[in-house]
file target_0.cif (mmCIF, C-alpha atoms)
data_structure
#
loop_
_atom_site.label_atom_id
_atom_site.label_comp_id
_atom_site.auth_asym_id
_atom_site.auth_seq_id
_atom_site.Cartn_x
_atom_site.Cartn_y
_atom_site.Cartn_z
CA MET A 1 -0.19 -30.82 -10.40
CA GLN A 2 0.89 -28.89 -13.48
CA LEU A 3 -1.92 -27.79 -15.75
CA THR A 4 0.09 -27.49 -18.94
CA ASN A 5 3.24 -28.73 -20.59
CA THR A 6 3.45 -25.65 -22.80
CA PRO A 7 7.02 -24.31 -22.74
CA LEU A 8 7.84 -20.81 -21.66
CA SER A 9 7.31 -18.27 -24.43
CA PRO A 10 10.40 -16.55 -25.89
CA LYS A 11 8.90 -13.13 -25.10
CA ALA A 12 8.48 -13.90 -21.39
CA LEU A 13 12.04 -15.20 -21.15
CA GLU A 14 13.39 -12.19 -23.06
CA LEU A 15 11.67 -9.79 -20.67
CA ALA A 16 12.86 -11.75 -17.63
CA ARG A 17 16.44 -11.62 -18.84
CA ALA A 18 16.18 -7.91 -19.60
CA MET A 19 14.94 -7.19 -16.09
CA VAL A 20 17.54 -9.34 -14.37
CA ALA A 21 20.25 -7.44 -16.27
CA ILE A 22 19.17 -4.15 -14.65
CA ASN A 23 20.85 -3.37 -11.32
CA THR A 24 18.00 -2.60 -8.94
CA VAL A 25 19.71 -3.36 -5.63
CA SER A 26 17.68 -1.37 -3.08
CA GLU A 27 20.35 1.27 -2.59
CA ASN A 28 20.20 2.05 -6.34
CA SER A 29 17.56 3.53 -8.61
CA ASN A 30 14.93 1.23 -10.11
CA LEU A 31 13.89 3.70 -12.80
CA ALA A 32 15.45 1.78 -15.70
CA LEU A 33 13.23 -1.21 -14.95
CA ILE A 34 10.17 0.93 -14.28
CA HIS A 35 10.69 2.76 -17.57
CA LEU A 36 11.04 -0.56 -19.39
CA VAL A 37 7.61 -1.59 -18.09
CA ARG A 38 6.12 1.86 -18.73
CA ASP A 39 7.35 1.91 -22.33
CA GLU A 40 6.11 -1.61 -23.06
CA LEU A 41 2.66 -0.64 -21.78
CA LEU A 42 2.66 2.68 -23.64
CA ARG A 43 3.28 0.77 -26.86
CA LEU A 44 -0.09 -0.88 -26.17
CA GLY A 45 -1.72 2.45 -25.42
CA VAL A 46 -1.74 1.90 -21.65
CA LYS A 47 -0.67 4.77 -19.44
CA SER A 48 1.09 4.15 -16.13
CA ARG A 49 0.87 6.07 -12.85
CA LEU A 50 4.31 6.55 -11.27
CA THR A 51 4.79 7.51 -7.62
CA TYR A 52 8.31 8.52 -6.63
CA ASN A 53 10.48 8.56 -3.54
CA ALA A 54 11.49 11.96 -2.16
CA ALA A 55 14.68 12.07 -4.23
CA LYS A 56 12.86 11.06 -7.45
CA THR A 57 15.39 8.26 -7.92
CA LYS A 58 12.88 5.44 -7.49
CA ALA A 59 9.30 4.89 -8.52
CA ASN A 60 6.33 2.61 -8.12
CA LEU A 61 4.27 1.81 -11.20
CA PHE A 62 0.52 1.25 -11.30
CA ALA A 63 -1.29 0.52 -14.55
CA THR A 64 -4.72 -0.81 -15.48
CA LEU A 65 -5.37 -3.16 -18.38
CA GLY A 66 -9.09 -3.15 -19.07
CA GLU A 67 -9.95 0.38 -17.96
CA GLY A 68 -13.64 0.79 -17.18
CA LYS A 69 -14.37 -2.78 -16.13
CA PRO A 70 -16.27 -2.90 -12.83
CA ALA A 71 -13.70 -4.89 -10.89
CA GLY A 72 -9.98 -5.44 -10.95
CA LEU A 73 -7.31 -7.87 -9.78
CA ILE A 74 -3.82 -6.66 -8.87
CA LEU A 75 -0.70 -8.48 -9.98
CA SER A 76 1.93 -7.17 -7.58
CA GLY A 77 5.70 -7.41 -7.41
CA HIS A 78 8.69 -5.53 -6.07
CA THR A 79 11.41 -4.35 -8.40
CA ASP A 80 14.35 -4.13 -5.99
CA THR A 81 16.81 -6.88 -5.13
CA VAL A 82 19.26 -7.61 -2.35
CA PRO A 83 22.99 -7.04 -3.01
CA TRP A 84 25.55 -9.77 -3.73
CA GLU A 85 28.81 -8.40 -2.32
CA GLY A 86 30.80 -11.14 -0.61
CA GLN A 87 28.86 -13.96 -2.24
CA GLN A 88 30.63 -16.54 -4.39
CA TRP A 89 28.89 -16.54 -7.76
CA SER A 90 29.96 -18.77 -10.65
CA THR A 91 28.36 -16.26 -13.07
CA GLN A 92 27.91 -12.50 -13.04
CA PRO A 93 24.77 -11.60 -11.05
CA LEU A 94 23.62 -9.15 -13.75
CA ASP A 95 24.44 -11.45 -16.66
CA PRO A 96 21.25 -13.52 -16.97
CA GLN A 97 22.17 -16.95 -18.27
CA VAL A 98 19.95 -19.87 -19.20
CA ARG A 99 21.46 -23.30 -18.68
CA ASP A 100 20.30 -26.68 -17.41
CA GLY A 101 16.68 -25.56 -17.55
CA ARG A 102 17.23 -22.58 -15.27
CA LEU A 103 17.47 -18.81 -15.53
CA TYR A 104 20.33 -17.53 -13.37
CA GLY A 105 20.85 -14.02 -12.05
CA ARG A 106 20.05 -11.74 -9.15
CA GLY A 107 16.31 -11.26 -8.95
CA SER A 108 15.50 -14.19 -11.23
CA ALA A 109 13.54 -15.88 -8.43
CA ASP A 110 12.93 -12.85 -6.20
CA MET A 111 11.05 -11.59 -8.11
CA LYS A 112 11.65 -10.06 -11.53
CA SER A 113 10.53 -13.12 -13.46
CA PHE A 114 6.98 -12.76 -12.16
CA ILE A 115 6.90 -9.12 -13.26
CA ALA A 116 8.29 -10.08 -16.67
CA ILE A 117 5.72 -12.81 -17.23
CA ALA A 118 2.89 -10.51 -16.22
CA LEU A 119 4.18 -7.89 -18.65
CA SER A 120 4.50 -10.48 -21.42
CA GLN A 121 0.75 -11.10 -21.11
CA ALA A 122 -0.21 -7.41 -21.11
CA GLU A 123 -1.67 -7.42 -24.61
CA ASN A 124 -3.71 -10.53 -23.82
CA PHE A 125 -4.99 -8.93 -20.63
CA LEU A 126 -5.89 -5.81 -22.57
CA ASN A 127 -7.86 -7.73 -25.19
CA SER A 128 -9.42 -10.22 -22.79
CA ALA A 129 -13.17 -10.71 -22.61
CA SER A 130 -12.78 -11.20 -18.86
CA PRO A 131 -15.22 -9.07 -16.83
CA PHE A 132 -12.46 -7.78 -14.55
CA ALA A 133 -9.47 -5.57 -15.20
CA ILE A 134 -5.88 -6.50 -14.42
CA HIS A 135 -3.83 -3.96 -12.47
CA PHE A 136 -0.05 -4.00 -12.43
CA ALA A 137 1.42 -2.76 -9.13
CA PHE A 138 5.22 -2.80 -9.09
CA SER A 139 6.98 -1.26 -6.10
CA PHE A 140 10.38 -0.09 -4.88
CA ASP A 141 12.23 -0.78 -1.61
CA GLU A 142 10.41 -3.94 -0.56
CA GLU A 143 13.64 -5.62 0.46
CA VAL A 144 14.50 -2.89 2.98
CA GLY A 145 11.13 -2.51 4.63
CA CYS A 146 8.20 -2.49 2.16
CA PHE A 147 8.45 1.28 1.91
CA GLY A 148 7.41 1.94 -1.69
CA VAL A 149 4.20 -0.07 -1.67
CA ARG A 150 2.71 2.11 1.06
CA GLU A 151 2.85 5.08 -1.30
CA LEU A 152 1.55 2.95 -4.16
CA ILE A 153 -1.51 1.82 -2.18
CA ALA A 154 -2.20 5.38 -1.01
CA ASP A 155 -1.96 6.70 -4.58
CA MET A 156 -4.23 3.94 -5.83
CA ARG A 157 -6.85 4.89 -3.25
CA ASP A 158 -6.49 8.61 -4.03
CA ALA A 159 -7.15 7.78 -7.68
CA GLY A 160 -10.37 6.00 -6.75
CA VAL A 161 -9.12 2.56 -7.78
CA ASN A 162 -10.68 -0.19 -5.66
CA PRO A 163 -9.43 -3.62 -6.70
CA VAL A 164 -11.27 -6.63 -5.38
CA ALA A 165 -8.23 -8.91 -5.04
CA CYS A 166 -4.44 -9.08 -5.23
CA VAL A 167 -1.92 -11.74 -6.25
CA ILE A 168 1.65 -11.12 -5.09
CA GLY A 169 4.17 -13.07 -7.13
CA GLU A 170 6.80 -13.82 -4.51
CA PRO A 171 8.51 -17.20 -5.00
CA THR A 172 6.20 -19.89 -3.58
CA SER A 173 6.91 -22.57 -6.21
CA MET A 174 3.49 -21.62 -7.64
CA VAL A 175 1.72 -22.91 -4.53
CA PRO A 176 -0.71 -20.26 -3.23
CA ALA A 177 0.27 -19.03 0.24
CA ILE A 178 -2.22 -17.51 2.68
CA ALA A 179 -0.12 -16.63 5.71
CA HIS A 180 3.26 -15.31 6.80
CA LYS A 181 4.78 -13.72 9.87
CA GLY A 182 5.36 -10.03 10.37
CA VAL A 183 8.82 -8.47 10.43
CA TYR A 184 9.31 -5.58 12.88
CA ARG A 185 12.84 -4.18 13.19
CA TYR A 186 14.08 -1.51 15.58
CA LYS A 187 17.25 0.17 16.80
CA CYS A 188 17.93 0.93 20.44
CA CYS A 189 20.43 3.70 21.23
CA VAL A 190 21.76 3.86 24.80
CA ARG A 191 23.33 6.97 26.32
CA GLY A 192 25.36 6.50 29.50
CA LYS A 193 28.20 8.45 31.09
CA GLU A 194 31.85 7.75 30.38
CA ALA A 195 34.58 7.52 33.04
CA HIS A 196 37.96 5.93 33.61
CA SER A 197 37.33 2.25 34.19
CA SER A 198 38.83 2.56 37.69
CA LEU A 199 35.99 4.94 38.63
CA THR A 200 32.94 2.94 37.61
CA PRO A 201 30.61 4.24 40.39
CA SER A 202 30.69 7.69 38.75
CA SER A 203 29.71 6.31 35.35
CA VAL A 204 26.78 4.74 33.55
CA ASN A 205 27.97 1.85 31.40
CA ALA A 206 25.97 2.01 28.18
CA ILE A 207 26.95 -1.50 27.13
CA GLU A 208 25.88 -3.01 30.42
CA MET A 209 22.54 -1.19 30.33
CA ALA A 210 22.01 -2.26 26.73
CA ALA A 211 22.78 -5.82 27.80
CA ARG A 212 19.90 -5.70 30.28
CA VAL A 213 17.51 -4.85 27.46
CA VAL A 214 19.05 -7.52 25.24
CA GLY A 215 18.50 -9.94 28.11
CA LYS A 216 14.84 -8.95 28.20
CA LEU A 217 14.61 -9.71 24.47
CA ARG A 218 16.08 -13.14 25.13
CA ASP A 219 13.56 -13.70 27.95
CA MET A 220 10.74 -12.72 25.60
CA ALA A 221 12.00 -15.10 22.92
CA GLU A 222 12.04 -17.95 25.42
CA SER A 223 8.53 -17.09 26.61
CA PHE A 224 7.24 -17.16 23.01
CA GLU A 225 8.76 -20.59 22.51
CA ARG A 226 7.51 -21.84 25.86
CA ASP A 227 4.06 -20.27 26.17
CA GLU A 228 2.71 -18.92 22.90
CA PRO A 229 -0.09 -20.93 21.25
CA ARG A 230 1.33 -22.73 18.23
CA TYR A 231 0.37 -21.85 14.68
CA GLU A 232 1.09 -25.07 12.83
CA GLY A 233 2.32 -24.91 9.27
CA PHE A 234 5.18 -22.48 9.90
CA ASP A 235 8.75 -23.78 10.10
CA VAL A 236 8.90 -22.08 13.50
CA PRO A 237 5.28 -22.18 14.79
CA PHE A 238 5.69 -19.38 17.36
CA SER A 239 6.85 -15.76 17.35
CA THR A 240 10.55 -14.99 17.66
CA SER A 241 12.83 -12.12 18.67
CA SER A 242 16.53 -11.73 18.05
CA VAL A 243 19.38 -9.23 18.08
CA GLY A 244 21.19 -8.77 14.78
CA GLN A 245 23.80 -6.09 15.50
CA PHE A 246 25.49 -4.63 18.59
CA HIS A 247 27.99 -1.75 18.77
CA GLY A 248 29.58 0.06 21.69
CA GLY A 249 32.74 1.11 23.49
CA ILE A 250 35.98 2.78 22.45
CA ALA A 251 38.65 1.23 24.71
CA ASP A 252 39.10 -1.37 27.43
CA ASN A 253 39.77 1.22 30.12
CA VAL A 254 36.95 3.63 29.26
CA VAL A 255 33.47 3.01 30.58
CA PRO A 256 31.39 3.34 27.39
CA ARG A 257 29.06 6.29 27.08
CA ASP A 258 27.22 4.98 24.01
CA ALA A 259 25.94 1.67 22.72
CA GLN A 260 23.38 0.62 20.18
CA PHE A 261 21.85 -2.57 18.91
CA ARG A 262 19.35 -3.61 16.27
CA TYR A 263 16.76 -6.31 16.78
CA GLU A 264 13.60 -7.74 15.33
CA PHE A 265 10.33 -9.45 16.17
CA ARG A 266 8.85 -11.96 13.75
CA ASN A 267 5.30 -12.35 14.97
CA LEU A 268 2.67 -14.90 14.12
CA PRO A 269 -0.44 -13.51 12.40
CA THR A 270 -2.20 -14.10 15.73
CA ALA A 271 0.35 -12.12 17.78
CA ASP A 272 0.83 -8.36 18.27
CA ALA A 273 4.38 -7.21 17.45
CA ARG A 274 3.72 -3.63 18.53
CA ALA A 275 2.69 -4.90 21.98
CA MET A 276 5.98 -6.80 22.10
CA GLN A 277 7.85 -3.60 21.32
CA GLN A 278 5.96 -1.69 24.02
CA GLU A 279 6.82 -4.39 26.57
CA LEU A 280 10.50 -4.00 25.71
CA ILE A 281 10.33 -0.19 25.89
CA ALA A 282 8.62 -0.40 29.30
CA HIS A 283 11.48 -2.55 30.57
CA ALA A 284 14.03 -0.02 29.29
CA ARG A 285 12.16 2.85 30.93
CA SER A 286 12.24 1.01 34.25
CA LEU A 287 16.05 1.13 34.13
CA GLU A 288 16.31 4.86 33.45
CA PRO A 289 15.74 6.30 36.97
CA ALA A 290 18.87 4.62 38.33
CA MET A 291 20.86 5.70 35.28
CA GLN A 292 19.68 9.31 35.55
CA ARG A 293 20.63 9.60 39.21
CA VAL A 294 24.21 9.47 37.95
CA ALA A 295 23.73 11.23 34.60
CA PRO A 296 20.47 13.14 34.01
CA ASP A 297 20.70 12.77 30.23
CA ALA A 298 21.25 9.00 30.33
CA GLY A 299 18.61 6.71 28.91
CA PHE A 300 17.27 4.79 25.95
CA ARG A 301 16.09 5.96 22.54
CA PHE A 302 14.26 3.69 20.12
CA GLU A 303 14.05 4.06 16.33
CA THR A 304 11.83 2.14 13.94
CA ILE A 305 13.66 0.53 11.04
CA CYS A 306 10.68 -1.18 9.45
CA GLU A 307 7.30 -2.57 10.38
CA ILE A 308 6.02 -5.18 7.93
CA PRO A 309 2.71 -6.59 9.12
CA SER A 310 1.99 -10.28 9.18
CA PHE A 311 -0.43 -11.69 6.65
CA LEU A 312 -3.37 -13.97 7.18
CA GLY A 313 -5.64 -14.72 4.26
CA SER A 314 -8.06 -17.59 3.86
CA GLU A 315 -8.32 -20.65 1.71
CA THR A 316 -11.98 -19.75 1.21
CA ASP A 317 -11.21 -16.29 -0.20
CA ALA A 318 -12.28 -16.01 -3.83
CA VAL A 319 -8.78 -14.96 -4.91
CA THR A 320 -7.25 -17.97 -3.15
CA GLN A 321 -9.72 -20.29 -4.84
CA LEU A 322 -8.86 -18.72 -8.20
CA ALA A 323 -5.13 -19.11 -7.52
CA LEU A 324 -5.61 -22.75 -6.54
CA LYS A 325 -7.54 -23.42 -9.73
CA LEU A 326 -5.03 -21.69 -12.00
CA SER A 327 -1.98 -23.20 -10.30
CA GLY A 328 -3.44 -26.70 -10.24
CA GLU A 329 -2.77 -27.03 -6.51
CA ALA A 330 -5.15 -28.72 -4.10
CA ARG A 331 -4.20 -26.83 -0.93
CA ALA A 332 -2.74 -23.50 0.05
CA THR A 333 0.43 -23.15 2.10
CA GLN A 334 2.19 -20.72 4.48
CA VAL A 335 5.58 -19.09 4.01
CA ALA A 336 8.28 -18.06 6.47
CA PHE A 337 9.35 -14.86 4.72
CA GLY A 338 7.68 -11.45 4.78
CA THR A 339 5.93 -9.85 1.80
CA GLU A 340 3.78 -6.84 0.97
CA ALA A 341 0.66 -9.00 1.39
CA GLY A 342 -0.11 -7.75 4.89
CA LEU A 343 -0.20 -4.16 3.66
CA PHE A 344 -2.61 -4.95 0.82
CA LYS A 345 -4.75 -6.96 3.24
CA GLU A 346 -4.75 -4.09 5.76
CA SER A 347 -6.01 -1.80 3.00
CA GLY A 348 -9.02 -4.08 2.56
CA ILE A 349 -7.91 -6.09 -0.47
CA PRO A 350 -8.15 -9.91 -0.22
CA THR A 351 -4.69 -11.18 -1.13
CA VAL A 352 -2.82 -14.37 -1.92
CA VAL A 353 0.91 -14.91 -2.50
CA CYS A 354 1.76 -17.09 -5.49
CA GLY A 355 4.77 -16.90 -7.78
CA PRO A 356 7.47 -18.91 -9.56
CA GLY A 357 10.65 -20.18 -7.96
CA SER A 358 11.67 -21.07 -4.44
CA ILE A 359 12.66 -18.81 -1.58
CA ASN A 360 15.54 -21.26 -1.06
CA GLN A 361 17.20 -19.75 -4.13
CA ALA A 362 16.36 -16.13 -3.31
CA HIS A 363 19.20 -13.96 -1.91
CA GLN A 364 21.67 -16.76 -2.61
CA PRO A 365 24.77 -16.87 -4.83
CA ASP A 366 23.84 -18.24 -8.26
CA GLU A 367 20.18 -17.35 -7.66
CA TYR A 368 17.98 -19.08 -10.21
CA VAL A 369 14.44 -19.96 -11.19
CA SER A 370 13.62 -23.03 -13.26
CA LEU A 371 12.09 -22.59 -16.70
CA GLU A 372 9.46 -25.12 -15.65
CA GLN A 373 8.37 -22.78 -12.85
CA LEU A 374 8.26 -19.86 -15.26
CA ALA A 375 6.14 -21.89 -17.68
CA ARG A 376 3.74 -22.70 -14.84
CA CYS A 377 3.51 -19.03 -14.00
CA GLU A 378 2.81 -18.14 -17.63
CA ALA A 379 0.06 -20.77 -17.73
CA PHE A 380 -1.36 -19.15 -14.58
CA MET A 381 -1.40 -15.77 -16.35
CA ARG A 382 -3.05 -17.23 -19.44
CA GLY A 383 -5.68 -18.70 -17.16
CA LEU A 384 -6.36 -15.22 -15.81
CA VAL A 385 -6.91 -14.00 -19.37
CA GLN A 386 -9.63 -16.61 -19.81
CA ALA A 387 -11.18 -16.36 -16.32
CA ARG A 388 -14.77 -15.22 -16.15
CA SER A 389 -14.84 -14.41 -12.44
CA ILE A 390 -12.58 -13.99 -9.43
CA GLY A 391 -13.46 -17.06 -7.47
#

call {"tool": "encode", "arguments": {"input": "target_0.cif", "output": "structure tokens"}}
result
Amino acid sequence: MQLTNTPLSPKALELARAMVAINTVSENSNLALIHLVRDELLRLGVKSRLTYNAAKTKANLFATLGEGKPAGLILSGHTDTVPWEGQQWSTQPLDPQVRDGRLYGRGSADMKSFIAIALSQAENFLNSASPFAIHFAFSFDEEVGCFGVRELIADMRDAGVNPVACVIGEPTSMVPAIAHKGVYRYKCCVRGKEAHSSLTPSSVNAIEMAARVVGKLRDMAESFERDEPRYEGFDVPFSTSSVGQFHGGIADNVVPRDAQFRYEFRNLPTADARAMQQELIAHARSLEPAMQRVAPDAGFRFETICEIPSFLGSETDAVTQLALKLSGEARATQVAFGTEAGLFKESGIPTVVCGPGSINQAHQPDEYVSLEQLARCEAFMRGLVQARSIG
């Protein structure tokens, strides 16, 4: 149910278009967007805290509107986007166009529009009679592993800021979401011993040993599907594992010395992804004695790519109840994709995921968000301005 038919404000759309036009693919700097937000807030007399990556090419932004109020609610979003190379776009990804009731461009749905709408309401948040402050928390490198937000949360805690709730504006079609799976990605590097392929007994075939670990991953995936208690509401109501990349070998007649593969676990909120990883490592270690009888330095090495925890909130949480009220929705939902929500929840902040647009458009060619969704999000923000409690 939509609470208002008020159209999207020109200012919100202008800011959304300005942000979409900035190239913040994760491999690039996000500072142009961060500085846009910082400067808009400074014009209102609001100072921002920036935390940088090691190279000082990227930054998180944290700002408080309503300094001194006894409680605060975070509006959180990531500033980076996925790339578009190889995709067939009918428009330029960084040329934000409005047509047929939609805003097109990379990041329009995921998730610059939410940040823009929040920023468009900054002055209203600042002047609100609401008893709680609004915190902006905008991060870098979410798309490649939720790396920036960890520093943002740590800096927030170091500064003595203790928000009571968080709304993450990922695209949920403005339906509050209270659960998602975790995303745990790793790389396995296998060292064997090369030899001419006619002399295989004197070698350790890295590809073949890697294949035994890949087979274990497949066995685990089948056991999740067969045996794991279901968590209804997810598209796939059990944990999964899969291999995404595999590399190895240099020639048909050379037993390969090296191989590597990358894989992931997507665990239910009720399942332990780190225990899954330890089970796989234990299997690999069981193969090493036979390998090392031929080549003492043979074996397996594991690297962590990213560990994004699952998220499990509650429909009874005060922030969820507030999000339901402001969105006009009767029930919360669950989403299949990962977000920063698990990290905020792990830090002790009750969290809900609710933002404009659909994940079906995110990461796609001709990514878009409808103006109707943006108007709903703006109505949500205006409701926050008028709210007298969180809950």

call {"tool": "closest_atom_pairs", "arguments": {"input": "target_0.cif", "of": "range 19-114 of chain A", "to": "range 151-171 of chain A", "cutoff": "12 Å", "atoms": "only C-alpha atoms", "output": "tab-separated table"}}
result
residue	atom	partner	partner_atom	distance
A:Ser48	CA	A:Met156	CA	11.6
A:Arg49	CA	A:Asp155	CA	8.8
A:Leu50	CA	A:Leu152	CA	8.4
A:Thr51	CA	A:Leu152	CA	6.6
A:Tyr52	CA	A:Glu151	CA	8.4
A:Asn53	CA	A:Glu151	CA	8.7
A:Ala54	CA	A:Glu151	CA	11.1
A:Lys58	CA	A:Glu151	CA	11.8
A:Ala59	CA	A:Leu152	CA	9.1
A:Asn60	CA	A:Leu152	CA	6.2
A:Leu61	CA	A:Leu152	CA	7.6
A:Phe62	CA	A:Leu152	CA	7.4
A:Ala63	CA	A:Met156	CA	9.8
A:Thr64	CA	A:Val161	CA	9.5
A:Glu67	CA	A:Val161	CA	10.4
A:Gly68	CA	A:Val161	CA	10.6
A:Lys69	CA	A:Pro163	CA	10.7
A:Pro70	CA	A:Pro163	CA	9.2
A:Ala71	CA	A:Pro163	CA	6.1
A:Gly72	CA	A:Pro163	CA	4.7
A:Leu73	CA	A:Ala165	CA	4.9
A:Ile74	CA	A:Cys166	CA	4.4
A:Leu75	CA	A:Val167	CA	5.1
A:Ser76	CA	A:Ile168	CA	4.7
A:Gly77	CA	A:Gly169	CA	5.9
A:His78	CA	A:Glu170	CA	8.6
A:Thr79	CA	A:Glu170	CA	11.2
A:Gly107	CA	A:Pro171	CA	10.6
A:Ser108	CA	A:Pro171	CA	9.8
A:Ala109	CA	A:Pro171	CA	6.2
A:Asp110	CA	A:Pro171	CA	6.3
A:Met111	CA	A:Glu170	CA	6.0
A:Lys112	CA	A:Gly169	CA	9.2
A:Ser113	CA	A:Gly169	CA	9.0
A:Phe114	CA	A:Gly169	CA	5.8

call {"tool": "residues_around", "arguments": {"input": "target_0.cif", "residues": "range 237-254 of chain A", "least_positions_apart": "6", "cutoff": "7 Å", "atoms": "all atoms listed in the file", "output": "MDAnalysis selection string"}}
result
chainID A and resid 194:197 207 217 221 224:225 228 230:231 260:268

call {"tool": "resolve_selection", "arguments": {"input": "target_0.cif", "expression": "the PyMOL selection byres ((chain A and resi 85) around 12)", "output": "count of residues only"}}
result
14

call {"tool": "atom_distance", "arguments": {"input": "target_0.cif", "atom1": "CA of Asp39 in chain A", "atom2": "CA of Asn23 in chain A"}}
result
18.2 Å

call {"tool": "residues_around", "arguments": {"input": "target_0.cif", "residues": "Phe311 in chain A", "least_positions_apart": "3", "cutoff": "12 Å", "atoms": "all atoms listed in the file", "output": "PyMOL selection string"}}
result
chain A and resi 168+177-183+266-271+308+314+334-347+349-353

call {"tool": "resolve_selection", "arguments": {"input": "target_0.cif", "expression": "the PyMOL selection byres ((chain A and resi 283) around 12)", "output": "MDAnalysis selection string"}}
result
chainID A and resid 209:210 212:217 219:220 276:282 284:289 299:300

call {"tool": "closest_residue", "arguments": {"input": "target_0.cif", "among": "A:Leu31, A:Ala330, A:Leu126, A:Ala298", "to": "Val190 in chain A", "atoms": "all atoms listed in the file"}}
result
A:Ala298

call {"tool": "resolve_selection", "arguments": {"input": "target_0.cif", "expression": "the PyMOL selection byres ((chain A and resi 295) around 12)", "output": "list in words"}}
result
Arg191, Gly192, Lys193, Glu194, Ala195, Pro201, Ser202, Ser203, Val204, Asn205, Ala206, Arg257, Glu288, Pro289, Ala290, Met291, Gln292, Arg293, Val294, Pro296, Asp297, Ala298 and Gly299 of chain A

call {"tool": "closest_residue", "arguments": {"input": "target_0.cif", "among": "A:Ala332, A:Ala55, A:Ile134, A:Ile359", "to": "Ile390 in chain A", "atoms": "only C-alpha atoms"}}
result
A:Ile134

call {"tool": "axis_aligned_box", "arguments": {"input": "target_0.cif", "around": "range 36-44 of chain A", "padding_each_side": "6 Å", "output": "lines of an AutoDock Vina configuration file"}}
result
center_x = 5.5
center_y = 0.5
center_z = -22.5
size_x = 23.1
size_y = 16.3
size_z = 20.8

call {"tool": "decode", "arguments": {"input": "target_0.cif", "residues": "range 6-32 of chain A", "atoms": "C-alpha atoms", "output": "PDB file, in the first residue's frame"}}
result
ATOM      1  CA  THR A   6       3.057  12.998  -3.936  1.00  0.00           C
ATOM      2  CA  PRO A   7       5.464  13.009  -6.896  1.00  0.00           C
ATOM      3  CA  LEU A   8       9.196  12.857  -6.451  1.00  0.00           C
ATOM      4  CA  SER A   9      10.705  16.249  -5.663  1.00  0.00           C
ATOM      5  CA  PRO A  10      12.956  17.862  -8.295  1.00  0.00           C
ATOM      6  CA  LYS A  11      15.780  18.152  -5.745  1.00  0.00           C
ATOM      7  CA  ALA A  12      15.793  14.424  -4.975  1.00  0.00           C
ATOM      8  CA  LEU A  13      15.829  13.550  -8.669  1.00  0.00           C
ATOM      9  CA  GLU A  14      18.583  16.084  -9.363  1.00  0.00           C
ATOM     10  CA  LEU A  15      20.777  14.585  -6.641  1.00  0.00           C
ATOM     11  CA  ALA A  16      20.072  11.043  -7.834  1.00  0.00           C
ATOM     12  CA  ARG A  17      21.088  11.945 -11.370  1.00  0.00           C
ATOM     13  CA  ALA A  18      24.217  13.705 -10.154  1.00  0.00           C
ATOM     14  CA  MET A  19      25.281  10.639  -8.192  1.00  0.00           C
ATOM     15  CA  VAL A  20      24.568   8.185 -10.991  1.00  0.00           C
ATOM     16  CA  ALA A  21      26.756  10.302 -13.293  1.00  0.00           C
ATOM     17  CA  ILE A  22      29.794   9.730 -11.041  1.00  0.00           C
ATOM     18  CA  ASN A  23      31.828   6.616 -11.840  1.00  0.00           C
ATOM     19  CA  THR A  24      32.145   4.774  -8.541  1.00  0.00           C
ATOM     20  CA  VAL A  25      32.783   1.253  -9.831  1.00  0.00           C
ATOM     21  CA  SER A  26      34.523  -0.478  -6.911  1.00  0.00           C
ATOM     22  CA  GLU A  27      37.936  -0.448  -8.568  1.00  0.00           C
ATOM     23  CA  ASN A  28      37.730   3.367  -8.810  1.00  0.00           C
ATOM     24  CA  SER A  29      37.694   6.163  -6.258  1.00  0.00           C
ATOM     25  CA  ASN A  30      34.377   7.190  -4.709  1.00  0.00           C
ATOM     26  CA  LEU A  31      35.675  10.530  -3.452  1.00  0.00           C
ATOM     27  CA  ALA A  32      33.760  12.659  -5.960  1.00  0.00           C
TER      28      ALA A  32
END
